[in-house]
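*Asks:* For reference, the file structure-v4.txt (compact mmCIF, C-alpha atoms) is included below:
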```
# COMPACT_ATOMS: atom_id res chain seq x y z
CA MET I 7 -14.60 65.41 37.23
CA ASP I 8 -17.39 63.82 35.24
CA GLN I 9 -16.01 61.31 32.73
CA ARG I 10 -18.07 62.85 29.92
CA VAL I 11 -16.15 66.12 30.32
CA ILE I 12 -12.83 64.30 30.25
CA ASP I 13 -13.91 62.38 27.13
CA LEU I 14 -14.99 65.59 25.38
CA TRP I 15 -11.66 67.26 26.21
CA ASP I 16 -9.76 64.22 24.93
CA ARG I 17 -11.73 64.20 21.67
CA LEU I 18 -11.13 67.91 21.20
CA MET I 19 -7.39 67.61 21.89
CA SER I 20 -6.94 64.56 19.68
CA HIS I 21 -8.65 66.07 16.67
CA GLY I 22 -6.29 65.79 13.72
CA GLU I 23 -4.43 68.92 12.66
CA GLY I 24 -5.62 70.03 9.25
CA ASP I 25 -8.94 68.24 9.64
CA ALA I 26 -12.00 70.45 9.76
CA MET I 27 -12.95 70.65 13.42
CA PRO I 28 -16.68 70.36 14.06
CA LEU I 29 -16.78 73.35 16.43
CA PRO I 30 -20.58 73.72 16.40
CA ALA I 31 -20.93 70.06 17.40
CA PHE I 32 -18.40 70.45 20.21
CA ARG I 33 -20.16 73.63 21.37
CA ASN I 34 -23.54 71.90 21.37
CA GLU I 35 -22.10 69.04 23.39
CA VAL I 36 -20.73 71.50 25.95
CA LEU I 37 -24.16 73.11 26.27
CA LYS I 38 -25.92 69.75 26.71
CA LEU I 39 -23.40 68.54 29.27
CA HIS I 40 -23.63 71.80 31.20
CA GLU I 41 -27.35 71.21 31.60
CA ALA I 42 -26.82 67.61 32.72
CA ILE I 43 -23.82 68.02 35.05
CA SER I 44 -23.96 70.02 38.24
CA ASP I 45 -20.63 69.54 40.03
CA GLU I 46 -18.41 72.61 40.09
CA GLU I 47 -15.23 70.92 38.87
CA SER I 48 -16.97 69.51 35.78
CA ARG I 49 -18.68 72.79 35.01
CA LEU I 50 -15.32 74.57 35.21
CA GLY I 51 -13.93 71.98 32.81
CA LEU I 52 -16.82 72.63 30.43
CA MET I 53 -16.20 76.36 30.58
CA ARG I 54 -12.53 75.77 29.72
CA ILE I 55 -13.60 73.71 26.72
CA PHE I 56 -16.13 76.36 25.73
CA ASN I 57 -13.45 79.07 25.95
CA LEU I 58 -11.05 77.03 23.83
CA ILE I 59 -13.73 76.55 21.19
CA CYS I 60 -14.51 80.28 21.30
CA ASP I 61 -10.83 81.13 20.91
CA LEU I 62 -10.69 78.97 17.79
CA VAL I 63 -13.84 80.56 16.39
CA ALA I 64 -12.51 84.06 17.15
CA ALA I 65 -9.23 83.25 15.36
CA HIS I 66 -11.21 82.06 12.34
CA LEU I 67 -13.38 85.17 12.36
CA GLU I 68 -10.32 87.36 12.56
CA GLU I 69 -8.74 85.56 9.59
CA THR I 70 -11.90 85.80 7.51
CA GLY I 71 -13.00 89.30 8.49
CA GLY I 72 -15.98 88.05 10.51
CA ASP I 73 -17.89 90.06 13.08
CA LEU I 74 -15.69 89.69 16.16
CA GLU I 75 -17.71 92.18 18.20
CA ALA I 76 -20.97 90.29 17.72
CA PHE I 77 -19.21 87.03 18.51
CA ALA I 78 -17.65 88.50 21.67
CA GLN I 79 -21.11 89.61 22.85
CA HIS I 80 -22.52 86.15 22.16
CA ARG I 81 -19.61 84.54 23.99
CA GLN I 82 -20.07 86.80 27.02
CA GLY I 83 -23.79 86.09 27.13
CA GLN I 84 -23.18 82.36 27.03
CA ILE I 85 -20.64 82.56 29.83
CA TRP I 86 -23.12 84.53 31.93
CA MET I 87 -25.70 81.81 31.29
CA PHE I 88 -23.21 79.14 32.43
CA LEU I 89 -22.46 81.05 35.62
CA ARG I 90 -26.12 81.81 36.25
CA ALA I 91 -26.97 78.12 35.88
CA GLU I 92 -24.43 77.32 38.61
CA CYS I 93 -26.31 79.63 40.94
CA LEU I 94 -29.85 78.35 40.60
CA VAL I 95 -31.43 76.86 43.68
CA ASP I 96 -34.82 75.33 42.96
CA GLY I 97 -34.96 77.41 39.77
CA VAL I 98 -34.26 80.70 41.55
CA LEU I 99 -31.01 82.67 41.31
CA ASP I 100 -29.19 82.52 44.64
CA ARG I 101 -27.25 85.77 45.06
CA PRO I 102 -24.87 84.49 47.74
CA ARG I 103 -23.94 81.65 45.39
CA LEU I 104 -23.60 84.15 42.52
CA ARG I 105 -21.23 86.23 44.68
CA TYR I 106 -19.14 83.12 45.32
CA VAL I 107 -19.09 82.10 41.64
CA THR I 108 -18.25 85.56 40.32
CA GLU I 109 -15.54 85.98 42.97
CA ARG I 110 -14.07 82.65 41.83
CA GLU I 111 -14.10 83.90 38.24
CA VAL I 112 -12.50 87.24 39.16
CA GLN I 113 -9.79 85.49 41.20
CA ALA I 114 -9.07 83.13 38.28
CA GLY I 115 -8.79 86.06 35.86
CA ARG I 116 -11.75 84.91 33.76
CA MET I 117 -13.90 87.87 34.79
CA VAL I 118 -13.14 91.50 35.47
CA GLU I 119 -14.18 93.02 38.77
CA ASP I 120 -16.63 95.45 37.12
CA ASP I 121 -18.32 92.81 34.95
CA PRO I 122 -22.09 93.45 35.03
CA LEU I 123 -22.79 89.96 36.41
CA ARG I 124 -20.30 90.56 39.21
CA ARG I 125 -21.80 93.96 39.96
CA TYR I 126 -25.27 92.37 40.05
CA ALA I 127 -23.98 89.66 42.41
CA LEU I 128 -22.75 92.41 44.72
CA GLY I 129 -26.18 94.05 44.81
CA ASP I 130 -26.23 96.44 41.83
CA ASP I 131 -29.73 95.82 40.47
CA SER I 132 -29.08 98.19 37.57
CA ALA I 133 -25.93 96.40 36.36
CA PHE I 134 -27.61 95.17 33.16
CA ASP I 135 -29.62 98.27 32.28
CA ASP I 136 -27.23 99.16 29.44
CA PHE I 137 -27.87 95.73 27.89
CA ARG I 138 -31.64 96.12 28.05
CA GLY I 139 -31.62 99.61 26.54
CA MET I 140 -33.03 101.04 29.73
CA PRO I 141 -32.01 104.34 31.26
CA PRO I 142 -29.78 104.01 34.34
CA HIS I 143 -31.71 103.27 37.50
CA LYS I 144 -32.05 106.30 39.76
CA LYS I 145 -32.86 106.07 43.39
CA PRO I 146 -36.11 107.82 44.25
CA THR I 147 -35.70 111.17 45.94
CA ARG I 148 -37.88 112.37 48.75
CA HIS I 149 -39.30 115.85 48.67
```
Once you've parsed the file, please lay out its structure as structure tokens.
*Replies:*
Amino acid sequence: MDQRVIDLWDRLMSHGEGDAMPLPAFRNEVLKLHEAISDEESRLGLMRIFNLICDLVAAHLEETGGDLEAFAQHRQGQIWMFLRAECLVDGVLDRPRLRYVTEREVQAGRMVEDDPLRRYALGDDSAFDDFRGMPPHKKPTRH
């Protein structure tokens, strides 16, 4: 695993209890490292850190009456972006790689089988239509 990921995890875990945790700074560091690091083990480590940060933010939002639904949507979108980035080959999304990555996530329990990204990886080109406000894709009929 990339040493920068290990260092970030160590800094996050050693943060003093009671001290205000700079979650936005940690999140931004995760995003920057995810762009710079391409090995699978390190990217999985970054996603674990990201999920821990999100869990802390969600707990805070729950305590303060924040918008958990909006945060959950943001979190899901960011995770999809992480997974998509793992599947780019020369800037183009590689579906076989996406199938592998989403299967890994389903097997690890981090993704449900009917997640739109997983459905897309398996060939459902209309998996994201609900997110784009588009009507469901219908196959053309022949008369």
*Asks:* Could you state the separation of CA of Tyr126 (chain I) and CA of Met87 (chain I) in Å, given to one decimal place?
*Replies:*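 Computing the Euclidean distance for CA of Tyr126 (chain I) and CA of Met87 (chain I) yields 13.7 Å.
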*Asks:* Identify the residues within 12 Å of coordinate (-25.0, 94.1, 23.0) (same frame as the file), considering only C-alpha atoms, and give the answer as a ChimeraX atom specification.
*Replies:* /I:75-83,134-139
*Asks:* List as JSON, numbers by chain: which residues have an atom within 12 Å of (-25.3, 69.7, 33.7), counting only C-alpha atoms?
*Replies:* {"I": [8, 10, 11, 35, 36, 37, 38, 39, 40, 41, 42, 43, 44, 45, 46, 47, 48, 49, 50, 51, 52, 53, 88, 89, 91, 92, 94]}
*Asks:* In Å, with one decimal, what is the gap from CA of Ile59 (chain I) to CA of Phe32 (chain I)?
*Replies:*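 CA of Phe32 (chain I) lies 7.7 Å from CA of Ile59 (chain I).
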*Asks:* Considering only C-alpha atoms, state which residue in the set I:Ile55, I:Val95, I:Met19, I:Leu104 is at the smallest distance from Arg33 (chain I).
*Replies:* I:Ile55
*Asks:* Point out the residue among I:Trp15, I:Leu99, I:Thr70, I:Cys93 with the least atom-to-atom distance to Leu58 (chain I), counting all atoms listed in the file.
*Replies:*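 Between I:Trp15, I:Leu99, I:Thr70, I:Cys93, the residue approaching Leu58 (chain I) most closely is I:Trp15.
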*Asks:* Just to confirm, what's the straight-line distance from CA of Ile12 (chain I) to CA of Leu67 (chain I) in Å (one decimal)?
*Replies:*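 That distance, rounded to one decimal, is 27.5 Å.
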*Asks:* I need region 63-86 of chain I written out with N, CA, C and O atoms, as a tab-separated table (two decimals), in the first residue's frame; please produce it.
*Replies:*
```tsv
chain	number	residue	atom	x	y	z
I	63	VAL	N	-19.26	12.23	9.53
I	63	VAL	CA	-20.10	13.34	9.08
I	63	VAL	C	-21.58	12.99	9.24
I	63	VAL	O	-22.37	13.80	9.73
I	64	ALA	N	-21.95	11.77	8.87
I	64	ALA	CA	-23.36	11.35	9.00
I	64	ALA	C	-23.80	11.37	10.46
I	64	ALA	O	-24.92	11.81	10.76
I	65	ALA	N	-22.94	10.93	11.36
I	65	ALA	CA	-23.27	10.96	12.79
I	65	ALA	C	-23.48	12.40	13.25
I	65	ALA	O	-24.43	12.70	14.00
I	66	HIS	N	-22.63	13.29	12.78
I	66	HIS	CA	-22.78	14.71	13.14
I	66	HIS	C	-24.08	15.28	12.57
I	66	HIS	O	-24.80	16.00	13.27
I	67	LEU	N	-24.39	14.96	11.33
I	67	LEU	CA	-25.62	15.44	10.73
I	67	LEU	C	-26.84	14.91	11.47
I	67	LEU	O	-27.83	15.63	11.65
I	68	GLU	N	-26.77	13.67	11.89
I	68	GLU	CA	-27.89	13.10	12.63
I	68	GLU	C	-28.08	13.81	13.97
I	68	GLU	O	-29.20	14.11	14.37
I	69	GLU	N	-26.98	14.11	14.64
I	69	GLU	CA	-27.04	14.81	15.93
I	69	GLU	C	-27.58	16.23	15.79
I	69	GLU	O	-28.26	16.73	16.67
I	70	THR	N	-27.24	16.87	14.67
I	70	THR	CA	-27.60	18.28	14.50
I	70	THR	C	-28.83	18.50	13.63
I	70	THR	O	-29.19	19.64	13.36
I	71	GLY	N	-29.45	17.41	13.18
I	71	GLY	CA	-30.64	17.55	12.34
I	71	GLY	C	-30.30	17.97	10.91
I	71	GLY	O	-31.13	18.57	10.23
I	72	GLY	N	-29.12	17.61	10.44
I	72	GLY	CA	-28.71	17.94	9.08
I	72	GLY	C	-29.41	17.08	8.05
I	72	GLY	O	-30.16	16.15	8.39
I	73	ASP	N	-29.17	17.39	6.80
I	73	ASP	CA	-29.83	16.70	5.69
I	73	ASP	C	-29.10	15.41	5.35
I	73	ASP	O	-28.22	15.37	4.48
I	74	LEU	N	-29.47	14.34	6.03
I	74	LEU	CA	-28.82	13.04	5.82
I	74	LEU	C	-29.06	12.49	4.42
I	74	LEU	O	-28.18	11.86	3.84
I	75	GLU	N	-30.24	12.73	3.88
I	75	GLU	CA	-30.55	12.20	2.54
I	75	GLU	C	-29.65	12.83	1.48
I	75	GLU	O	-29.10	12.14	0.63
I	76	ALA	N	-29.50	14.15	1.55
I	76	ALA	CA	-28.63	14.83	0.59
I	76	ALA	C	-27.19	14.37	0.75
I	76	ALA	O	-26.47	14.15	-0.24
I	77	PHE	N	-26.76	14.19	2.00
I	77	PHE	CA	-25.40	13.73	2.24
I	77	PHE	C	-25.21	12.31	1.70
I	77	PHE	O	-24.18	12.00	1.09
I	78	ALA	N	-26.20	11.44	1.91
I	78	ALA	CA	-26.10	10.06	1.41
I	78	ALA	C	-25.98	10.05	-0.11
I	78	ALA	O	-25.22	9.25	-0.67
I	79	GLN	N	-26.72	10.92	-0.78
I	79	GLN	CA	-26.63	10.99	-2.25
I	79	GLN	C	-25.25	11.47	-2.67
I	79	GLN	O	-24.66	10.94	-3.62
I	80	HIS	N	-24.72	12.47	-1.97
I	80	HIS	CA	-23.37	12.97	-2.28
I	80	HIS	C	-22.34	11.86	-2.06
I	80	HIS	O	-21.46	11.65	-2.90
I	81	ARG	N	-22.47	11.17	-0.95
I	81	ARG	CA	-21.54	10.08	-0.63
I	81	ARG	C	-21.57	9.01	-1.71
I	81	ARG	O	-20.52	8.56	-2.18
I	82	GLN	N	-22.77	8.61	-2.12
I	82	GLN	CA	-22.90	7.58	-3.16
I	82	GLN	C	-22.27	8.03	-4.47
I	82	GLN	O	-21.55	7.28	-5.12
I	83	GLY	N	-22.52	9.29	-4.84
I	83	GLY	CA	-21.94	9.81	-6.06
I	83	GLY	C	-20.42	9.82	-6.02
I	83	GLY	O	-19.75	9.50	-7.01
I	84	GLN	N	-19.86	10.16	-4.86
I	84	GLN	CA	-18.40	10.18	-4.74
I	84	GLN	C	-17.83	8.77	-4.83
I	84	GLN	O	-16.82	8.54	-5.49
I	85	ILE	N	-18.50	7.82	-4.21
I	85	ILE	CA	-18.04	6.43	-4.30
I	85	ILE	C	-18.08	5.95	-5.74
I	85	ILE	O	-17.15	5.30	-6.23
I	86	TRP	N	-19.15	6.28	-6.46
I	86	TRP	CA	-19.22	5.91	-7.87
I	86	TRP	C	-18.06	6.52	-8.64
I	86	TRP	O	-17.48	5.88	-9.52
```
